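Trainee: Pasting in a structure now, in structure tokens, and then I'll have a few things to ask.
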Amino acid sequence: MSTPNTQAPGTRVPGDGPVRVMVVDDHPMWRDAVARDLTESGFDVVATAGDGPQAVRRARAAVPDVLVLDLNLPGMPGVQVCKELVGSHPGLRVLVLSASGEHADVLEAVKSGATGYLLKSASTQELTDAVRATAAGDPVFTPGLAGLVLGEYRRLATDPAPVASDEPKAPRLTDRETEVLRLVAKGLSYKQIAERLVISHRTVQNHVQNTLGKLQLHNRVELVRYAIETGLDDA
């Protein structure tokens, strides 16, 4: 008898097997086609779902590394699915795969915790590349949308959330953590950061996770916002 999988989404150690993917879309033919393409490309498609509530339940049970998520879902919108799952399991990566290229939809998805956003007009190769990058924690956007998202980061930085006067000061980051954070804020992928600093991809991920923990942040969106607010992206 196999041992039940009790890990939370996103807690599987990267590199210990095929990337586990879950596909969520309310159109059965599209959902099945995406799942088939990903399986043929070497991914482990652990579950699929056709509506929002089902997506939340099955993701918690199936433990995917990456959630390929449509936004227009019955029962619960995709952004709410993303918020609920990333909020409770910050290590889960979400790649939105949507027919909509509307700026409002893209920004709402990113704010909800999505790592990337790909239009359904993407090729199979673009999709598989995007899933691999998302699994590694690198942001992936359909060409033309990355600049929009970075612009929103900067806009948010001009209106920072209020900080209570009795809150403790943020813990001090190491020089290396600060250096990695600065490059994240400039939009570099983890792979690019690793190459620039001559360190491993895993080391970059560890520095980012340590920084998130020290600053009590939950995802890359909040991390980039913090970096821009503190001026690290201009350093």
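Naming scheme: A, B, ... for chains in displayed order of the structure tokens; residues 1 onward per chain; ligands 1 onward as shown.
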Would you mind listing what lies within 10 Å of range 186-194 of chain A as a PyMOL selection string, with only C-alpha atoms counted and same-chain residues fewer than 2 positions away left out?
Mentor: chain A and resi 133+136-140+146-147+150+179-184+196-205+208+224+227-228+232-235
Trainee: Those same residues - N, CA and C atoms - I'd like them written as an mmCIF file, in the first residue's frame.
Mentor:
```
data_model
loop_
_atom_site.group_PDB
_atom_site.id
_atom_site.type_symbol
_atom_site.label_atom_id
_atom_site.label_comp_id
_atom_site.auth_asym_id
_atom_site.auth_seq_id
_atom_site.Cartn_x
_atom_site.Cartn_y
_atom_site.Cartn_z
ATOM 1 N N ALA A 133 9.348 27.144 -16.296
ATOM 2 C CA ALA A 133 9.839 28.368 -15.665
ATOM 3 C C ALA A 133 9.042 28.698 -14.416
ATOM 4 N N ALA A 136 10.042 26.755 -11.462
ATOM 5 C CA ALA A 136 11.304 27.229 -10.897
ATOM 6 C C ALA A 136 11.141 28.558 -10.167
ATOM 7 N N GLY A 137 9.920 29.121 -10.220
ATOM 8 C CA GLY A 137 9.675 30.379 -9.534
ATOM 9 C C GLY A 137 9.938 31.606 -10.372
ATOM 10 N N ASP A 138 10.207 31.399 -11.668
ATOM 11 C CA ASP A 138 10.489 32.539 -12.547
ATOM 12 C C ASP A 138 9.192 33.075 -13.148
ATOM 13 N N PRO A 139 9.036 34.389 -13.196
ATOM 14 C CA PRO A 139 7.818 34.970 -13.770
ATOM 15 C C PRO A 139 7.791 34.779 -15.282
ATOM 16 N N VAL A 140 6.632 34.432 -15.823
ATOM 17 C CA VAL A 140 6.470 34.219 -17.255
ATOM 18 C C VAL A 140 5.248 35.011 -17.720
ATOM 19 N N ALA A 146 4.758 41.819 -19.624
ATOM 20 C CA ALA A 146 5.745 41.956 -18.549
ATOM 21 C C ALA A 146 5.945 43.414 -18.169
ATOM 22 N N GLY A 147 6.030 44.303 -19.176
ATOM 23 C CA GLY A 147 6.208 45.719 -18.897
ATOM 24 C C GLY A 147 5.029 46.293 -18.143
ATOM 25 N N LEU A 150 5.430 45.250 -14.428
ATOM 26 C CA LEU A 150 6.471 46.013 -13.749
ATOM 27 C C LEU A 150 5.993 47.439 -13.493
ATOM 28 N N GLU A 179 21.502 41.794 -2.492
ATOM 29 C CA GLU A 179 21.931 41.772 -3.887
ATOM 30 C C GLU A 179 20.940 40.987 -4.740
ATOM 31 N N VAL A 180 20.505 39.828 -4.242
ATOM 32 C CA VAL A 180 19.521 39.023 -4.960
ATOM 33 C C VAL A 180 18.201 39.775 -5.080
ATOM 34 N N LEU A 181 17.778 40.417 -3.991
ATOM 35 C CA LEU A 181 16.524 41.159 -3.994
ATOM 36 C C LEU A 181 16.566 42.291 -5.013
ATOM 37 N N ARG A 182 17.689 42.969 -5.118
ATOM 38 C CA ARG A 182 17.833 44.060 -6.078
ATOM 39 C C ARG A 182 17.653 43.550 -7.507
ATOM 40 N N LEU A 183 18.220 42.387 -7.807
ATOM 41 C CA LEU A 183 18.115 41.827 -9.158
ATOM 42 C C LEU A 183 16.710 41.303 -9.433
ATOM 43 N N VAL A 184 16.047 40.771 -8.413
ATOM 44 C CA VAL A 184 14.642 40.360 -8.565
ATOM 45 C C VAL A 184 13.794 41.561 -8.941
ATOM 46 N N ARG A 196 24.523 35.716 -13.172
ATOM 47 C CA ARG A 196 25.207 36.982 -12.898
ATOM 48 C C ARG A 196 26.052 36.907 -11.635
ATOM 49 N N LEU A 197 25.531 36.227 -10.615
ATOM 50 C CA LEU A 197 26.233 36.161 -9.339
ATOM 51 C C LEU A 197 27.135 34.930 -9.225
ATOM 52 N N VAL A 198 27.107 34.102 -10.267
ATOM 53 C CA VAL A 198 27.906 32.868 -10.298
ATOM 54 C C VAL A 198 27.587 31.988 -9.085
ATOM 55 N N ILE A 199 26.314 31.752 -8.883
ATOM 56 C CA ILE A 199 25.846 30.841 -7.848
ATOM 57 C C ILE A 199 24.797 29.933 -8.471
ATOM 58 N N SER A 200 24.370 28.919 -7.751
ATOM 59 C CA SER A 200 23.402 27.974 -8.312
ATOM 60 C C SER A 200 21.985 28.533 -8.263
ATOM 61 N N HIS A 201 21.142 27.980 -9.143
ATOM 62 C CA HIS A 201 19.724 28.349 -9.170
ATOM 63 C C HIS A 201 19.090 28.085 -7.806
ATOM 64 N N ARG A 202 19.433 26.944 -7.197
ATOM 65 C CA ARG A 202 18.882 26.584 -5.877
ATOM 66 C C ARG A 202 19.294 27.601 -4.814
ATOM 67 N N THR A 203 20.539 28.092 -4.896
ATOM 68 C CA THR A 203 20.998 29.084 -3.924
ATOM 69 C C THR A 203 20.196 30.369 -4.048
ATOM 70 N N VAL A 204 19.895 30.773 -5.273
ATOM 71 C CA VAL A 204 19.063 31.961 -5.478
ATOM 72 C C VAL A 204 17.684 31.752 -4.844
ATOM 73 N N GLN A 205 17.086 30.598 -5.100
ATOM 74 C CA GLN A 205 15.773 30.296 -4.514
ATOM 75 C C GLN A 205 15.831 30.344 -2.992
ATOM 76 N N VAL A 208 15.909 33.915 -1.769
ATOM 77 C CA VAL A 208 14.588 34.538 -1.905
ATOM 78 C C VAL A 208 13.650 34.050 -0.797
ATOM 79 N N VAL A 224 8.863 42.302 -4.748
ATOM 80 C CA VAL A 224 9.258 43.357 -5.685
ATOM 81 C C VAL A 224 8.735 44.709 -5.208
ATOM 82 N N ALA A 227 11.044 45.959 -2.587
ATOM 83 C CA ALA A 227 12.321 46.401 -3.151
ATOM 84 C C ALA A 227 12.191 47.773 -3.802
ATOM 85 N N ILE A 228 11.082 47.991 -4.509
ATOM 86 C CA ILE A 228 10.883 49.290 -5.170
ATOM 87 C C ILE A 228 10.636 50.381 -4.128
ATOM 88 N N LEU A 232 15.627 49.775 -4.003
ATOM 89 C CA LEU A 232 16.645 48.807 -4.415
ATOM 90 C C LEU A 232 16.676 48.611 -5.926
ATOM 91 N N ASP A 233 15.544 48.837 -6.612
ATOM 92 C CA ASP A 233 15.522 48.608 -8.048
ATOM 93 C C ASP A 233 16.306 49.678 -8.815
ATOM 94 N N ASP A 234 16.587 50.801 -8.153
ATOM 95 C CA ASP A 234 17.348 51.870 -8.811
ATOM 96 C C ASP A 234 18.802 51.848 -8.413
ATOM 97 N N ALA A 235 19.161 50.931 -7.494
ATOM 98 C CA ALA A 235 20.539 50.924 -6.980
ATOM 99 C C ALA A 235 21.493 50.333 -8.006
#
```
Trainee: Show which residues sit within 10 Å of Ser100 in chain A, as an MDAnalysis selection string. Count only C-alpha atoms, and ignore same-chain residues fewer than 5 positions away.
Mentor: chainID A and resid 70:72 105:106 117:121
Trainee: Quick one: pick out all strand (DSSP E) residues within range 27-108 of chain A from a backbone DSSP run and write them as a PyMOL selection string.
Mentor: chain A and resi 44-49+66-69+93-98
Trainee: What would the file look like if the residues just selected were written as a PDB file, in the first residue's frame with N, CA, C and O atoms?
Mentor:
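Produced file out30.pdb, reproduced below:
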```pdb
ATOM      1  N   ASP A  44       3.918  15.570 -14.779  1.00  0.00           N
ATOM      2  CA  ASP A  44       3.002  14.657 -14.095  1.00  0.00           C
ATOM      3  C   ASP A  44       1.723  15.421 -13.796  1.00  0.00           C
ATOM      4  O   ASP A  44       1.657  16.203 -12.851  1.00  0.00           O
ATOM      5  N   VAL A  45       0.707  15.233 -14.638  1.00  0.00           N
ATOM      6  CA  VAL A  45      -0.572  15.913 -14.433  1.00  0.00           C
ATOM      7  C   VAL A  45      -1.336  15.142 -13.365  1.00  0.00           C
ATOM      8  O   VAL A  45      -1.854  14.052 -13.616  1.00  0.00           O
ATOM      9  N   VAL A  46      -1.388  15.714 -12.174  1.00  0.00           N
ATOM     10  CA  VAL A  46      -1.929  14.991 -11.022  1.00  0.00           C
ATOM     11  C   VAL A  46      -3.426  15.190 -10.836  1.00  0.00           C
ATOM     12  O   VAL A  46      -4.067  14.434 -10.097  1.00  0.00           O
ATOM     13  N   ALA A  47      -3.991  16.216 -11.488  1.00  0.00           N
ATOM     14  CA  ALA A  47      -5.426  16.455 -11.339  1.00  0.00           C
ATOM     15  C   ALA A  47      -5.882  17.483 -12.356  1.00  0.00           C
ATOM     16  O   ALA A  47      -5.072  18.237 -12.908  1.00  0.00           O
ATOM     17  N   THR A  48      -7.186  17.504 -12.595  1.00  0.00           N
ATOM     18  CA  THR A  48      -7.812  18.555 -13.393  1.00  0.00           C
ATOM     19  C   THR A  48      -9.085  18.976 -12.661  1.00  0.00           C
ATOM     20  O   THR A  48      -9.587  18.250 -11.789  1.00  0.00           O
ATOM     21  N   ALA A  49      -9.600  20.143 -13.014  1.00  0.00           N
ATOM     22  CA  ALA A  49     -10.845  20.615 -12.415  1.00  0.00           C
ATOM     23  C   ALA A  49     -11.555  21.539 -13.387  1.00  0.00           C
ATOM     24  O   ALA A  49     -10.910  22.169 -14.233  1.00  0.00           O
ATOM     25  N   VAL A  66       2.643  23.184  -9.786  1.00  0.00           N
ATOM     26  CA  VAL A  66       2.171  24.284 -10.625  1.00  0.00           C
ATOM     27  C   VAL A  66       0.693  24.099 -10.928  1.00  0.00           C
ATOM     28  O   VAL A  66       0.256  23.013 -11.289  1.00  0.00           O
ATOM     29  N   LEU A  67      -0.055  25.183 -10.772  1.00  0.00           N
ATOM     30  CA  LEU A  67      -1.466  25.193 -11.124  1.00  0.00           C
ATOM     31  C   LEU A  67      -1.615  25.995 -12.407  1.00  0.00           C
ATOM     32  O   LEU A  67      -1.297  27.183 -12.441  1.00  0.00           O
ATOM     33  N   VAL A  68      -2.054  25.351 -13.486  1.00  0.00           N
ATOM     34  CA  VAL A  68      -2.338  26.038 -14.741  1.00  0.00           C
ATOM     35  C   VAL A  68      -3.812  26.411 -14.691  1.00  0.00           C
ATOM     36  O   VAL A  68      -4.682  25.544 -14.737  1.00  0.00           O
ATOM     37  N   LEU A  69      -4.084  27.700 -14.581  1.00  0.00           N
ATOM     38  CA  LEU A  69      -5.406  28.165 -14.152  1.00  0.00           C
ATOM     39  C   LEU A  69      -6.054  29.128 -15.133  1.00  0.00           C
ATOM     40  O   LEU A  69      -5.464  30.150 -15.499  1.00  0.00           O
ATOM     41  N   ARG A  93       3.006  27.428  -7.187  1.00  0.00           N
ATOM     42  CA  ARG A  93       3.159  28.352  -8.310  1.00  0.00           C
ATOM     43  C   ARG A  93       1.895  28.307  -9.178  1.00  0.00           C
ATOM     44  O   ARG A  93       1.361  27.222  -9.426  1.00  0.00           O
ATOM     45  N   VAL A  94       1.456  29.473  -9.612  1.00  0.00           N
ATOM     46  CA  VAL A  94       0.251  29.550 -10.437  1.00  0.00           C
ATOM     47  C   VAL A  94       0.578  30.218 -11.766  1.00  0.00           C
ATOM     48  O   VAL A  94       1.099  31.335 -11.799  1.00  0.00           O
ATOM     49  N   LEU A  95       0.299  29.509 -12.848  1.00  0.00           N
ATOM     50  CA  LEU A  95       0.423  30.061 -14.188  1.00  0.00           C
ATOM     51  C   LEU A  95      -0.986  30.239 -14.741  1.00  0.00           C
ATOM     52  O   LEU A  95      -1.694  29.255 -14.968  1.00  0.00           O
ATOM     53  N   VAL A  96      -1.398  31.474 -14.935  1.00  0.00           N
ATOM     54  CA  VAL A  96      -2.714  31.734 -15.517  1.00  0.00           C
ATOM     55  C   VAL A  96      -2.630  31.508 -17.024  1.00  0.00           C
ATOM     56  O   VAL A  96      -1.709  31.996 -17.683  1.00  0.00           O
ATOM     57  N   LEU A  97      -3.574  30.751 -17.553  1.00  0.00           N
ATOM     58  CA  LEU A  97      -3.676  30.497 -18.985  1.00  0.00           C
ATOM     59  C   LEU A  97      -5.064  30.960 -19.398  1.00  0.00           C
ATOM     60  O   LEU A  97      -6.057  30.279 -19.127  1.00  0.00           O
ATOM     61  N   SER A  98      -5.127  32.137 -20.009  1.00  0.00           N
ATOM     62  CA  SER A  98      -6.420  32.783 -20.229  1.00  0.00           C
ATOM     63  C   SER A  98      -6.555  33.278 -21.657  1.00  0.00           C
ATOM     64  O   SER A  98      -5.565  33.569 -22.334  1.00  0.00           O
TER      65      SER A  98
END
```
Trainee: Please report the interatomic distance between CA of Leu85 in chain A and CA of Ser112 in chain A in Å with one decimal.
Mentor: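 Calculated distance between CA of Leu85 in chain A and CA of Ser112 in chain A is 9.8 Å.
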Trainee: I need the residues in range 4-214 of chain A that are alpha helix (DSSP H) according to DSSP; give them as a PyMOL selection string.
Mentor: chain A and resi 28-40+52-62+78-88+103-111+124-135+146-157+175-185+190-197+201-214
Trainee: A:Asn206, A:Thr142, A:Thr124, A:Gln216: which is nearest Thr39 in chain A, counting only C-alpha atoms?
Mentor: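 Smallest distance to Thr39 in chain A is found for A:Thr124.
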Trainee: Within 8 Å of Val19 in chain A, counting only C-alpha atoms, which residues show up once you throw out same-chain ones fewer than 6 positions away? Write them as a ChimeraX atom specification, please.
Mentor: /A:43-44,64-66,132,135
Trainee: Quote the spacing between CA of Pro77 in chain A and CA of Leu217 in chain A in Å to one decimal place.
Mentor: 24.1 Å
Trainee: By how many Å are CA of His207 in chain A and CA of Pro18 in chain A apart?
Mentor: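 The value is 23.8 Å.
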Trainee: Here is a test: counting only C-alpha atoms, which residue of A:Val21, A:Leu212, A:Val34, A:Met29 is nearest to Pro90 in chain A?
Mentor: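 Between A:Val21, A:Leu212, A:Val34, A:Met29, the residue approaching Pro90 in chain A most closely is A:Leu212.
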Trainee: Which residue, A:Gly91, A:Gly101, A:Ala33, A:Gly42, has the smallest gap to Gly17 in chain A when you use only C-alpha atoms?
Mentor: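 Comparing A:Gly91, A:Gly101, A:Ala33, A:Gly42 against Gly17 in chain A, the winner is A:Gly42.
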